[in-house]
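Chemist: One structure is given below, represented as structure tokens, and several questions about it will come after.
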Amino acid sequence: MEKDKTAWEVVTLARHPKRPTSTTLIQTIFPDFIELHGDQTFGDDSAFITGIASIHGLPITIIAQEKGKTTEEKIKRNFGMPHPEGYRKALRLAKQAEKFSRPVLFIIDTTGAYPGIGAEERGQATMIAKSIQAYFQLKTPSISVILSEGGSGGALAIGIADRVWMFENATYSILSPEGFASILYKDSSLAKEAAQNMKLTSKDLFQFGMIDKIIREPELGLHTSHKEIFSCFGDDLYTEFKKLLEIPISQLLEERYEKYRKFGHFSG
């Protein structure tokens, strides 16, 4: 029987240098993917890959965060940390999907939105807030999947969807364990303890009802064998989108809203 991994072991696997990124997932499942660029306002943020594709003949829109694999790619992709123009590009593609009644797949993989001065000057926090608001009201089915790291508002900005799935060794949290430890414990070396207390694993979040499904991985991690896992994920994605497309839009929006209103436990 497989032993449960500690939170820090999951963090380590989510950050594994050989772990597949969004590009690999897209190439594996969507060979007809066509990338679309730009936010029609400022520029094209390479931390986001956006475009259209099909799965088993069903047209969909893909909005994915990309960290890059090589050093050169990571620099180009800003290590997967989006700027405001990235979120505007994502929202532009989502609204296009709404116009043509295409389901939207969000792929989360970021340590967080870029915190630089330029990003703040161009309205980083405002754009994240507008994204969250817009995706609650998006009149087309949506599924968001956390592939590896889902950090802070940078992840939450594309985390509003009808279904939220998470790969087994991914993480989803308000910030990194190191940042958490620095703020609460005043000691970043306590990151392992912080990770345990943050409840950032797929198992934790599923138990809390914050995600709808865990996508199982090989025991040693997704980097050891991903093709079959991604293929099965694609089949499940198609099946779920077909189900969501049968739901009237008004009902879909109401259920999406209620889904997030139920988060959290309170006692009087």
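Lettering and numbering for the structure tokens are positional, with chains as A, B, ... in the shown order, residues counted from 1 in each chain, and ligands counted from 1 in the shown order.
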Hey, which bits of stretch 19-90 of chain A sit within 8 Å of stretch 148-163 of chain A, and for each residue what's the closest pair of atoms and how far apart in Å (one decimal), counting only C-alpha atoms, rows by chain and increasing number, as a tab-separated table?
Modeler:
residue	atom	partner	partner_atom	distance
A:Thr21	CA	A:Ser148	CA	7.9
A:Met81	CA	A:Gly154	CA	7.4
A:Pro82	CA	A:Gly154	CA	7.2
A:Tyr87	CA	A:Ala157	CA	7.8
Chemist: Would you output that residue set with C-alpha atoms, as a short mmCIF file (atom, residue, chain, number, x, y, z; two decimals), in the first residue's frame?
Modeler:
data_model
loop_
_atom_site.label_atom_id
_atom_site.label_comp_id
_atom_site.auth_asym_id
_atom_site.auth_seq_id
_atom_site.Cartn_x
_atom_site.Cartn_y
_atom_site.Cartn_z
CA THR A 21 4.38 22.00 -17.99
CA MET A 81 4.43 34.76 -13.29
CA PRO A 82 1.88 36.72 -15.36
CA TYR A 87 -4.79 38.27 -17.49
#
Chemist: Could I get the residues of stretch 136-241 of chain A with an atom no further than 9 Å from an atom of stretch 42-55 of chain A, each paired with its nearest atom pair and that distance in Å to one decimal, using only C-alpha atoms, sorted by chain and residue number, as a Markdown table?
Modeler:
| residue | atom | partner | partner_atom | distance |
| --- | --- | --- | --- | --- |
| A:Gly234 | CA | A:Ile55 | CA | 7.3 |
| A:Asp235 | CA | A:Ile55 | CA | 8.2 |
| A:Leu237 | CA | A:Ile55 | CA | 8.5 |
| A:Tyr238 | CA | A:Ile55 | CA | 6.5 |
Chemist: DSSP on the backbone, then: every residue of stretch 87-233 of chain A marked alpha helix (DSSP H), written as JSON, numbers by chain.
Modeler: {"A": [87, 88, 89, 90, 91, 92, 93, 94, 95, 96, 97, 98, 99, 117, 118, 119, 120, 121, 124, 125, 126, 127, 128, 129, 130, 131, 132, 133, 134, 135, 136, 152, 153, 154, 155, 156, 177, 178, 179, 180, 181, 182, 183, 184, 191, 192, 193, 194, 195, 196, 197, 198, 202, 203, 204, 205, 206, 207, 227, 228, 229, 230, 231, 232, 233]}
Chemist: Could you list, with a cut-off of 12 Å and counting only C-alpha atoms, the residues of stretch 227-261 of chain A near stretch 219-222 of chain A, each shown with its nearest atom pair and the distance in Å rounded to one decimal, rows sorted by chain and ascending number, as JSON lines?
Modeler:
{"residue": "A:Lys227", "atom": "CA", "partner": "A:Leu222", "partner_atom": "CA", "distance": 9.3}
{"residue": "A:Glu228", "atom": "CA", "partner": "A:Leu222", "partner_atom": "CA", "distance": 10.3}
{"residue": "A:Ile229", "atom": "CA", "partner": "A:Leu222", "partner_atom": "CA", "distance": 8.1}
{"residue": "A:Phe230", "atom": "CA", "partner": "A:Leu222", "partner_atom": "CA", "distance": 9.6}
Chemist: As a ChimeraX atom specification, please: every residue in stretch 2-220 of chain A that a backbone DSSP assignment puts in strand (DSSP E).
Modeler: /A:34-35,48-55,58-65,104-110,142-151,163-167,171-173,213-215
